[in-house]
$ cat model02.txt   # compact mmCIF, C-alpha atoms
# COMPACT_ATOMS: atom_id res chain seq x y z
CA MET A 30 20.37 49.41 -66.60
CA ASP A 31 22.78 51.60 -68.56
CA ASN A 32 25.65 50.45 -66.36
CA GLN A 33 25.10 46.82 -67.21
CA GLU A 34 27.00 44.94 -69.86
CA ILE A 35 24.83 44.80 -72.96
CA LEU A 36 23.45 41.32 -73.52
CA THR A 37 22.27 40.84 -77.08
CA TYR A 38 19.13 38.86 -77.79
CA VAL A 39 21.11 36.24 -79.70
CA ASP A 40 23.54 35.84 -76.78
CA ARG A 41 20.62 35.51 -74.39
CA THR A 42 18.84 32.82 -76.39
CA GLN A 43 21.73 30.91 -77.93
CA LYS A 44 24.93 31.36 -75.97
CA ASN A 45 23.92 31.62 -72.32
CA GLU A 46 24.44 28.57 -70.17
CA ARG A 47 21.16 26.72 -69.89
CA ILE A 48 19.96 25.01 -66.75
CA ASN A 49 20.05 21.25 -67.04
CA LEU A 50 16.49 20.40 -66.05
CA LEU A 51 17.30 16.73 -65.62
CA ASN A 52 19.68 17.62 -62.81
CA ASN A 53 17.65 20.45 -61.30
CA ILE A 54 14.10 19.13 -61.12
CA PRO A 55 12.04 20.04 -59.19
CA LEU A 56 12.59 23.73 -59.83
CA GLN A 57 11.73 26.20 -57.10
CA GLY A 58 9.65 28.14 -59.61
CA PRO A 59 9.22 28.89 -63.31
CA LEU A 60 12.16 30.24 -65.30
CA LEU A 61 10.01 32.14 -67.79
CA VAL A 62 6.49 33.50 -67.71
CA HIS A 63 4.37 34.77 -70.61
CA LEU A 64 1.62 37.27 -69.82
CA GLU A 65 -0.96 38.08 -72.47
CA PRO A 66 -1.77 41.81 -72.28
CA THR A 67 -4.55 41.39 -74.85
CA ASN A 68 -5.92 38.89 -77.36
CA VAL A 69 -6.82 41.73 -79.73
CA CYS A 70 -4.64 42.34 -82.78
CA ASN A 71 -4.61 44.89 -85.60
CA PHE A 72 -3.26 42.24 -88.01
CA LYS A 73 -5.22 39.19 -89.18
CA CYS A 74 -2.31 36.96 -90.11
CA ARG A 75 -3.41 33.93 -92.13
CA PHE A 76 -1.43 31.53 -89.93
CA CYS A 77 -2.93 32.93 -86.70
CA PRO A 78 -6.30 32.20 -85.03
CA GLU A 79 -6.95 35.96 -85.21
CA SER A 80 -7.83 35.44 -88.89
CA LEU A 81 -10.72 33.08 -88.13
CA ASP A 82 -14.16 34.48 -88.85
CA ASP A 83 -15.36 33.23 -85.46
CA TYR A 84 -12.17 34.12 -83.57
CA LYS A 85 -14.07 36.07 -80.90
CA ASP A 86 -16.25 33.05 -80.12
CA GLN A 87 -13.32 30.61 -80.30
CA ALA A 88 -11.29 32.80 -77.92
CA GLY A 89 -14.13 33.19 -75.47
CA GLY A 90 -14.30 36.92 -76.10
CA LEU A 91 -11.94 39.81 -76.71
CA PHE A 92 -10.12 41.27 -73.72
CA ASN A 93 -7.44 43.62 -72.42
CA LEU A 94 -5.68 42.70 -69.19
CA SER A 95 -6.72 45.26 -66.58
CA LEU A 96 -4.43 46.97 -64.08
CA GLU A 97 -6.41 45.36 -61.28
CA HIS A 98 -5.89 41.83 -62.59
CA TYR A 99 -2.30 42.53 -63.54
CA THR A 100 -1.55 43.72 -60.00
CA LYS A 101 -2.91 40.43 -58.65
CA ILE A 102 -0.67 38.48 -61.04
CA LEU A 103 2.34 40.59 -60.08
CA ASN A 104 1.73 39.98 -56.39
CA GLU A 105 1.74 36.24 -57.03
CA LEU A 106 4.96 36.48 -59.05
CA LYS A 107 6.60 38.32 -56.15
CA LYS A 108 6.19 35.17 -54.07
CA MET A 109 8.25 33.13 -56.55
CA PRO A 110 12.00 33.05 -57.17
CA LYS A 111 13.21 35.70 -59.59
CA LEU A 112 12.40 34.82 -63.20
CA LYS A 113 14.87 34.60 -66.06
CA SER A 114 12.43 36.38 -68.38
CA LEU A 115 9.00 37.94 -68.17
CA ASN A 116 7.44 38.22 -71.63
CA PHE A 117 4.48 40.47 -72.39
CA PHE A 118 2.94 38.82 -75.44
CA MET A 119 1.06 35.78 -76.66
CA MET A 120 -1.75 35.92 -79.24
CA GLY A 121 -2.61 39.62 -79.46
CA GLU A 122 -0.68 42.82 -80.20
CA PRO A 123 0.70 44.05 -76.84
CA PHE A 124 0.53 47.75 -77.74
CA ALA A 125 -3.23 47.40 -78.25
CA ASN A 126 -3.37 47.49 -74.44
CA LYS A 127 -2.81 51.10 -73.36
CA ASN A 128 -1.31 49.94 -70.04
CA ILE A 129 1.39 47.70 -71.51
CA LEU A 130 4.33 49.96 -70.62
CA LYS A 131 2.92 50.54 -67.15
CA PHE A 132 2.88 46.74 -66.75
CA VAL A 133 6.55 46.51 -67.71
CA LYS A 134 7.58 49.35 -65.41
CA MET A 135 5.71 47.87 -62.46
CA ALA A 136 7.41 44.49 -62.93
CA SER A 137 10.83 46.05 -63.46
CA SER A 138 10.47 48.23 -60.36
CA ALA A 139 9.56 45.15 -58.36
CA ASN A 140 12.62 43.29 -59.75
CA ILE A 141 10.45 40.33 -60.74
CA SER A 142 12.75 39.10 -63.52
CA GLU A 143 16.24 39.36 -64.97
CA THR A 144 14.87 40.51 -68.34
CA TYR A 145 11.63 41.81 -69.83
CA MET A 146 10.48 41.51 -73.43
CA ILE A 147 7.63 42.67 -75.67
CA SER A 148 7.05 41.10 -79.09
CA THR A 149 5.12 43.34 -81.48
CA ASN A 150 4.22 43.71 -85.14
CA GLY A 151 5.52 47.27 -85.00
CA ALA A 152 2.43 48.97 -86.44
CA LEU A 153 1.61 50.77 -83.16
CA LEU A 154 5.20 51.72 -82.38
CA THR A 155 4.48 55.45 -82.51
CA LYS A 156 6.58 58.39 -81.30
CA GLU A 157 4.24 59.04 -78.36
CA LYS A 158 5.43 55.78 -76.84
CA TYR A 159 9.18 56.13 -77.40
CA SER A 160 10.12 57.77 -74.11
CA ASP A 161 7.94 55.50 -71.98
CA ILE A 162 9.35 52.41 -73.73
CA CYS A 163 12.91 53.43 -72.97
CA LYS A 164 12.12 54.34 -69.35
CA SER A 165 10.01 51.25 -68.62
CA GLY A 166 12.84 48.81 -67.89
CA LEU A 167 12.18 46.80 -71.05
CA ASN A 168 15.25 44.83 -72.18
CA TYR A 169 14.10 43.53 -75.56
CA LEU A 170 11.64 44.87 -78.10
CA ARG A 171 11.16 42.14 -80.68
CA ILE A 172 9.50 43.22 -83.92
CA SER A 173 8.08 40.51 -86.15
CA ILE A 174 8.13 41.04 -89.90
CA PHE A 175 5.78 38.81 -91.89
CA GLY A 176 6.95 39.43 -95.42
CA SER A 177 10.05 40.78 -97.13
CA ASN A 178 8.06 43.07 -99.43
CA GLU A 179 4.67 44.78 -99.56
CA ILE A 180 2.95 41.97 -101.46
CA ALA A 181 4.20 39.23 -99.14
CA HIS A 182 3.44 41.39 -96.09
CA PHE A 183 -0.16 42.03 -97.17
CA LYS A 184 -0.70 38.41 -98.14
CA ALA A 185 0.43 37.24 -94.69
CA THR A 186 -1.10 39.92 -92.46
CA GLN A 187 -4.25 40.93 -94.38
CA SER A 188 -3.62 44.38 -92.93
CA LYS A 189 -3.94 47.86 -94.39
CA VAL A 190 -0.77 48.81 -92.53
CA LYS A 191 2.01 48.86 -95.09
CA LEU A 192 5.38 47.24 -94.51
CA SER A 193 7.01 50.61 -95.25
CA ARG A 194 5.19 52.11 -92.26
CA VAL A 195 6.43 49.35 -89.97
CA LYS A 196 9.98 49.88 -91.22
CA GLU A 197 9.68 53.63 -90.69
CA ASN A 198 8.42 53.08 -87.13
CA ILE A 199 11.44 50.93 -86.32
CA LEU A 200 13.90 53.40 -87.81
CA ASN A 201 12.29 56.33 -85.98
CA PHE A 202 12.40 54.52 -82.66
CA LYS A 203 16.02 53.51 -83.15
CA LYS A 204 16.92 57.12 -83.94
CA PHE A 205 15.13 58.26 -80.78
CA LYS A 206 17.14 55.76 -78.75
CA GLU A 207 20.41 56.87 -80.27
CA ASP A 208 19.65 60.60 -80.02
CA ASN A 209 18.82 60.20 -76.32
CA SER A 210 21.62 57.72 -75.49
CA TYR A 211 19.35 54.87 -74.43
CA LEU A 212 20.95 51.42 -74.55
CA TYR A 213 17.66 49.64 -73.92
CA PRO A 214 15.49 48.11 -75.07
CA ARG A 215 17.50 46.18 -77.59
CA ILE A 216 15.58 46.18 -80.88
CA LEU A 217 15.38 42.78 -82.56
CA VAL A 218 13.88 42.69 -86.04
CA LYS A 219 13.04 39.12 -87.06
CA MET A 220 11.26 37.20 -89.78
CA ILE A 221 10.38 33.53 -89.98
CA LYS A 222 12.47 31.90 -92.69
CA SER A 223 10.71 31.71 -96.02
CA GLU A 224 10.88 28.66 -98.26
CA VAL A 225 11.85 31.14 -100.96
CA GLU A 226 15.49 32.01 -100.38
CA GLU A 227 15.19 35.24 -102.36
CA GLU A 228 12.68 36.50 -99.78
CA ASN A 229 15.09 35.74 -96.94
CA GLU A 230 17.82 37.63 -98.71
CA GLU A 231 15.43 40.49 -99.42
CA PHE A 232 14.47 40.75 -95.76
CA LEU A 233 18.08 40.79 -94.60
CA ARG A 234 18.91 43.42 -97.20
CA GLU A 235 15.88 45.68 -96.71
CA PHE A 236 15.93 45.61 -92.91
CA ASP A 237 19.67 45.70 -92.38
CA GLY A 238 20.42 48.42 -89.82
CA THR A 239 16.83 49.02 -88.81
CA GLY A 240 17.26 47.48 -85.37
CA ASP A 241 20.12 46.57 -83.06
CA GLU A 242 19.86 42.99 -84.29
CA ILE A 243 18.28 41.26 -87.26
CA LEU A 244 17.41 37.58 -87.34
CA LEU A 245 15.82 34.88 -89.48
CA THR A 246 14.17 32.26 -87.29
CA GLY A 247 12.41 28.94 -87.46
CA MET A 248 8.63 28.67 -87.14
CA ILE A 249 8.62 28.87 -83.32
CA LEU A 250 10.47 31.55 -81.36
CA VAL A 251 8.68 32.46 -78.15
CA ILE A 252 11.46 32.74 -75.57
$ encode --input "model02.txt" --output "structure tokens"
Amino acid sequence: MDNQEILTYVDRTQKNERINLLNNIPLQGPLLVHLEPTNVCNFKCRFCPESLDDYKDQAGGLFNLSLEHYTKILNELKKMPKLKSLNFFMMGEPFANKNILKFVKMASSANISETYMISTNGALLTKEKYSDICKSGLNYLRISIFGSNEIAHFKATQSKVKLSRVKENILNFKKFKEDNSYLYPRILVKMIKSEVEEENEEFLREFDGTGDEILLTGMILVI
């Protein structure tokens, strides 16, 4: 991977030539697949179903994707044309599943997709995972920030994990990457645009330099 030209997240999502579906339907297979490693999360964001009092019942239970079931999924994906992106996230916090990096490495070794991405809240991005993250084949580690300061962060996430801890986790991981000459994964730090412009400016100021890229996005960014 280190011999490849670095493709930034912004280039991948905004500048790459898109397939014209009108002219290419039917496709031979999906372009992108989302796998949900878990529906468990350590944040209870107010805008997310995780915050519901009856979330467990509404979700049909709490689960972690097992290696056995993941292997079955991977075997099915091997039968399809190579994906553009395989994303390991949906409702839960991916790092709540202890096998998440093993999942990425298995898919990368099998050459299932052109790129691989995890989207995380950053709270479980601890030093014990740094080496495995960098060796897994992961292309993009997207870290979602839910408030530009401690008050906004707590109000959104209802979590005891402070924003300062998330920021420290990102900085420590970036330093590990740089100290060990890893180009990947690219670290994208992003926040959904606030209606309060001062909060957007605060985010850009406070998180400048924490990742490889920093981005304000609209409400939906799942690719």
$ closest_residue --input "model02.txt" --among "A:Glu122, A:Asp237, A:Glu105, A:Asp83" --to "Asn71 in chain A" --atoms "all atoms listed in the file"
A:Glu122
$ atom_distance --input "model02.txt" --atom1 "CA of Gln187 in chain A" --atom2 "CA of Leu81 in chain A"
11.9 Å
$ residues_near_point --input "model02.txt" --point "(20.4, 41.3, -85.3)" --cutoff "12 Å" --atoms "only C-alpha atoms" --output "list of chain:residue names"
A:Thr37, A:Tyr38, A:Val39, A:Asp40, A:Tyr169, A:Leu170, A:Arg171, A:Ile172, A:Arg215, A:Ile216, A:Leu217, A:Val218, A:Lys219, A:Met220, A:Leu233, A:Phe236, A:Asp237, A:Gly238, A:Thr239, A:Gly240, A:Asp241, A:Glu242, A:Ile243, A:Leu244, A:Leu245, A:Thr246
$ axis_aligned_box --input "model02.txt" --around "range 209-228 of chain A" --padding-each-side "6 Å" --output "lines of an AutoDock Vina configuration file"
center_x = 16.0
center_y = 44.4
center_z = -88.1
size_x = 23.2
size_y = 43.5
size_z = 40.4
$ atom_distance --input "model02.txt" --atom1 "CA of Ile129 in chain A" --atom2 "CA of His63 in chain A"
13.3 Å
$ atom_distance --input "model02.txt" --atom1 "CA of Ser114 in chain A" --atom2 "CA of Tyr145 in chain A"
5.7 Å
$ closest_residue --input "model02.txt" --among "A:Glu235, A:Ile174, A:Thr186, A:Asn198" --to "Arg75 in chain A" --atoms "all atoms listed in the file"
A:Thr186
$ residues_around --input "model02.txt" --residues "Pro123 in chain A" --least-positions-apart "2" --cutoff "9 Å" --atoms "all atoms listed in the file" --output "PyMOL selection string"
chain A and resi 65-70+117-121+125-127+129+147-149
$ closest_residue --input "model02.txt" --among "A:Leu153, A:Ile162, A:Val225, A:Cys74" --to "Lys184 in chain A" --atoms "all atoms listed in the file"
A:Cys74
$ residues_around --input "model02.txt" --residues "Glu179 in chain A" --least-positions-apart "5" --cutoff "9 Å" --atoms "only C-alpha atoms" --output "VMD selection string"
chain A and resid 184 191 to 193
$ residues_around --input "model02.txt" --residues "range 100-104 of chain A" --least-positions-apart "5" --cutoff "10 Å" --atoms "all atoms listed in the file" --output "short mmCIF file (atom, residue, chain, number, x, y, z; two decimals) with C-alpha atoms, in the frame of the given file"
data_model
loop_
_atom_site.label_atom_id
_atom_site.label_comp_id
_atom_site.auth_asym_id
_atom_site.auth_seq_id
_atom_site.Cartn_x
_atom_site.Cartn_y
_atom_site.Cartn_z
CA LEU A 64 1.62 37.27 -69.82
CA SER A 95 -6.72 45.26 -66.58
CA MET A 109 8.25 33.13 -56.55
CA PHE A 132 2.88 46.74 -66.75
CA MET A 135 5.71 47.87 -62.46
CA ALA A 136 7.41 44.49 -62.93
CA ALA A 139 9.56 45.15 -58.36
CA ILE A 141 10.45 40.33 -60.74
#
$ residues_around --input "model02.txt" --residues "Val195 in chain A" --least-positions-apart "5" --cutoff "10 Å" --atoms "all atoms listed in the file" --output "ChimeraX atom specification"
/A:150-155,172-174,190,200-201
$ decode --input "model02.txt" --residues "range 100-146 of chain A" --atoms "N, CA and C atoms" --output "tab-separated table (two decimals), in the first residue's frame"
chain	number	residue	atom	x	y	z
A	100	THR	N	-17.03	-14.55	8.12
A	100	THR	CA	-16.39	-15.40	7.11
A	100	THR	C	-17.38	-15.80	6.03
A	101	LYS	N	-18.62	-16.09	6.42
A	101	LYS	CA	-19.65	-16.43	5.44
A	101	LYS	C	-19.93	-15.24	4.52
A	102	ILE	N	-20.01	-14.04	5.10
A	102	ILE	CA	-20.24	-12.84	4.30
A	102	ILE	C	-19.08	-12.63	3.33
A	103	LEU	N	-17.87	-12.78	3.83
A	103	LEU	CA	-16.68	-12.57	3.01
A	103	LEU	C	-16.64	-13.55	1.85
A	104	ASN	N	-17.03	-14.78	2.09
A	104	ASN	CA	-17.05	-15.78	1.01
A	104	ASN	C	-18.05	-15.41	-0.07
A	105	GLU	N	-19.16	-14.81	0.32
A	105	GLU	CA	-20.14	-14.35	-0.66
A	105	GLU	C	-19.60	-13.16	-1.45
A	106	LEU	N	-18.91	-12.25	-0.77
A	106	LEU	CA	-18.35	-11.09	-1.45
A	106	LEU	C	-17.27	-11.49	-2.45
A	107	LYS	N	-16.57	-12.57	-2.19
A	107	LYS	CA	-15.54	-13.06	-3.10
A	107	LYS	C	-16.12	-13.48	-4.45
A	108	LYS	N	-17.40	-13.80	-4.45
A	108	LYS	CA	-18.05	-14.24	-5.70
A	108	LYS	C	-18.45	-13.06	-6.58
A	109	MET	N	-18.40	-11.85	-6.02
A	109	MET	CA	-18.82	-10.65	-6.73
A	109	MET	C	-17.62	-9.93	-7.34
A	110	PRO	N	-17.89	-9.02	-8.30
A	110	PRO	CA	-16.80	-8.18	-8.80
A	110	PRO	C	-16.21	-7.35	-7.67
A	111	LYS	N	-14.97	-6.96	-7.82
A	111	LYS	CA	-14.28	-6.20	-6.79
A	111	LYS	C	-15.03	-4.90	-6.48
A	112	LEU	N	-15.21	-4.62	-5.18
A	112	LEU	CA	-15.93	-3.43	-4.75
A	112	LEU	C	-15.07	-2.18	-4.90
A	113	LYS	N	-15.74	-1.04	-4.93
A	113	LYS	CA	-15.04	0.24	-4.84
A	113	LYS	C	-14.66	0.53	-3.39
A	114	SER	N	-15.58	0.23	-2.46
A	114	SER	CA	-15.32	0.47	-1.05
A	114	SER	C	-16.08	-0.52	-0.19
A	115	LEU	N	-15.39	-1.01	0.84
A	115	LEU	CA	-16.01	-1.85	1.85
A	115	LEU	C	-15.92	-1.08	3.17
A	116	ASN	N	-17.08	-0.74	3.72
A	116	ASN	CA	-17.13	0.12	4.90
A	116	ASN	C	-17.59	-0.68	6.11
A	117	PHE	N	-16.85	-0.54	7.21
A	117	PHE	CA	-17.13	-1.32	8.41
A	117	PHE	C	-17.78	-0.43	9.47
A	118	PHE	N	-19.00	-0.01	9.20
A	118	PHE	CA	-19.74	0.78	10.18
A	118	PHE	C	-21.18	0.94	9.73
A	119	MET	N	-22.06	1.18	10.70
A	119	MET	CA	-23.44	1.54	10.41
A	119	MET	C	-24.01	2.24	11.64
A	120	MET	N	-24.67	1.53	12.53
A	120	MET	CA	-25.28	2.17	13.69
A	120	MET	C	-24.36	2.21	14.91
A	121	GLY	N	-23.61	1.15	15.13
A	121	GLY	CA	-22.82	1.03	16.35
A	121	GLY	C	-21.41	1.59	16.21
A	122	GLU	N	-20.63	1.46	17.27
A	122	GLU	CA	-19.22	1.87	17.28
A	122	GLU	C	-18.36	0.67	16.89
A	123	PRO	N	-17.73	0.70	15.72
A	123	PRO	CA	-17.00	-0.47	15.21
A	123	PRO	C	-15.98	-1.06	16.17
A	124	PHE	N	-15.27	-0.20	16.92
A	124	PHE	CA	-14.23	-0.70	17.82
A	124	PHE	C	-14.80	-1.37	19.06
A	125	ALA	N	-16.12	-1.37	19.21
A	125	ALA	CA	-16.75	-2.14	20.28
A	125	ALA	C	-16.71	-3.63	19.97
A	126	ASN	N	-16.45	-3.97	18.71
A	126	ASN	CA	-16.27	-5.37	18.31
A	126	ASN	C	-14.77	-5.66	18.30
A	127	LYS	N	-14.33	-6.55	19.15
A	127	LYS	CA	-12.90	-6.82	19.31
A	127	LYS	C	-12.26	-7.40	18.05
A	128	ASN	N	-13.07	-7.89	17.12
A	128	ASN	CA	-12.54	-8.50	15.90
A	128	ASN	C	-12.50	-7.55	14.70
A	129	ILE	N	-12.82	-6.28	14.92
A	129	ILE	CA	-12.97	-5.37	13.80
A	129	ILE	C	-11.73	-5.30	12.90
A	130	LEU	N	-10.56	-5.24	13.49
A	130	LEU	CA	-9.34	-5.12	12.67
A	130	LEU	C	-9.00	-6.44	11.99
A	131	LYS	N	-9.39	-7.54	12.60
A	131	LYS	CA	-9.23	-8.83	11.95
A	131	LYS	C	-10.15	-8.90	10.73
A	132	PHE	N	-11.35	-8.33	10.84
A	132	PHE	CA	-12.27	-8.28	9.69
A	132	PHE	C	-11.63	-7.53	8.52
A	133	VAL	N	-11.07	-6.35	8.83
A	133	VAL	CA	-10.46	-5.54	7.78
A	133	VAL	C	-9.30	-6.28	7.12
A	134	LYS	N	-8.45	-6.88	7.93
A	134	LYS	CA	-7.28	-7.58	7.39
A	134	LYS	C	-7.69	-8.76	6.52
A	135	MET	N	-8.71	-9.48	6.94
A	135	MET	CA	-9.17	-10.62	6.14
A	135	MET	C	-9.68	-10.16	4.78
A	136	ALA	N	-10.44	-9.06	4.75
A	136	ALA	CA	-10.98	-8.54	3.49
A	136	ALA	C	-9.86	-7.99	2.61
A	137	SER	N	-8.92	-7.28	3.23
A	137	SER	CA	-7.81	-6.71	2.48
A	137	SER	C	-6.93	-7.80	1.88
A	138	SER	N	-6.68	-8.84	2.65
A	138	SER	CA	-5.86	-9.96	2.16
A	138	SER	C	-6.54	-10.68	1.01
A	139	ALA	N	-7.85	-10.70	1.02
A	139	ALA	CA	-8.61	-11.35	-0.05
A	139	ALA	C	-8.85	-10.42	-1.23
A	140	ASN	N	-8.40	-9.16	-1.12
A	140	ASN	CA	-8.53	-8.18	-2.22
A	140	ASN	C	-9.98	-8.01	-2.64
A	141	ILE	N	-10.86	-7.89	-1.65
A	141	ILE	CA	-12.29	-7.78	-1.89
A	141	ILE	C	-12.65	-6.42	-2.50
A	142	SER	N	-11.92	-5.37	-2.11
A	142	SER	CA	-12.32	-4.01	-2.48
A	142	SER	C	-11.09	-3.16	-2.80
A	143	GLU	N	-11.35	-2.02	-3.46
A	143	GLU	CA	-10.27	-1.08	-3.74
A	143	GLU	C	-9.88	-0.32	-2.48
A	144	THR	N	-10.86	0.00	-1.62
A	144	THR	CA	-10.57	0.71	-0.38
A	144	THR	C	-11.41	0.15	0.76
A	145	TYR	N	-10.93	0.42	1.98
A	145	TYR	CA	-11.59	-0.05	3.20
A	145	TYR	C	-11.66	1.11	4.18
A	146	MET	N	-12.79	1.26	4.86
A	146	MET	CA	-12.96	2.39	5.76
A	146	MET	C	-13.69	1.98	7.03
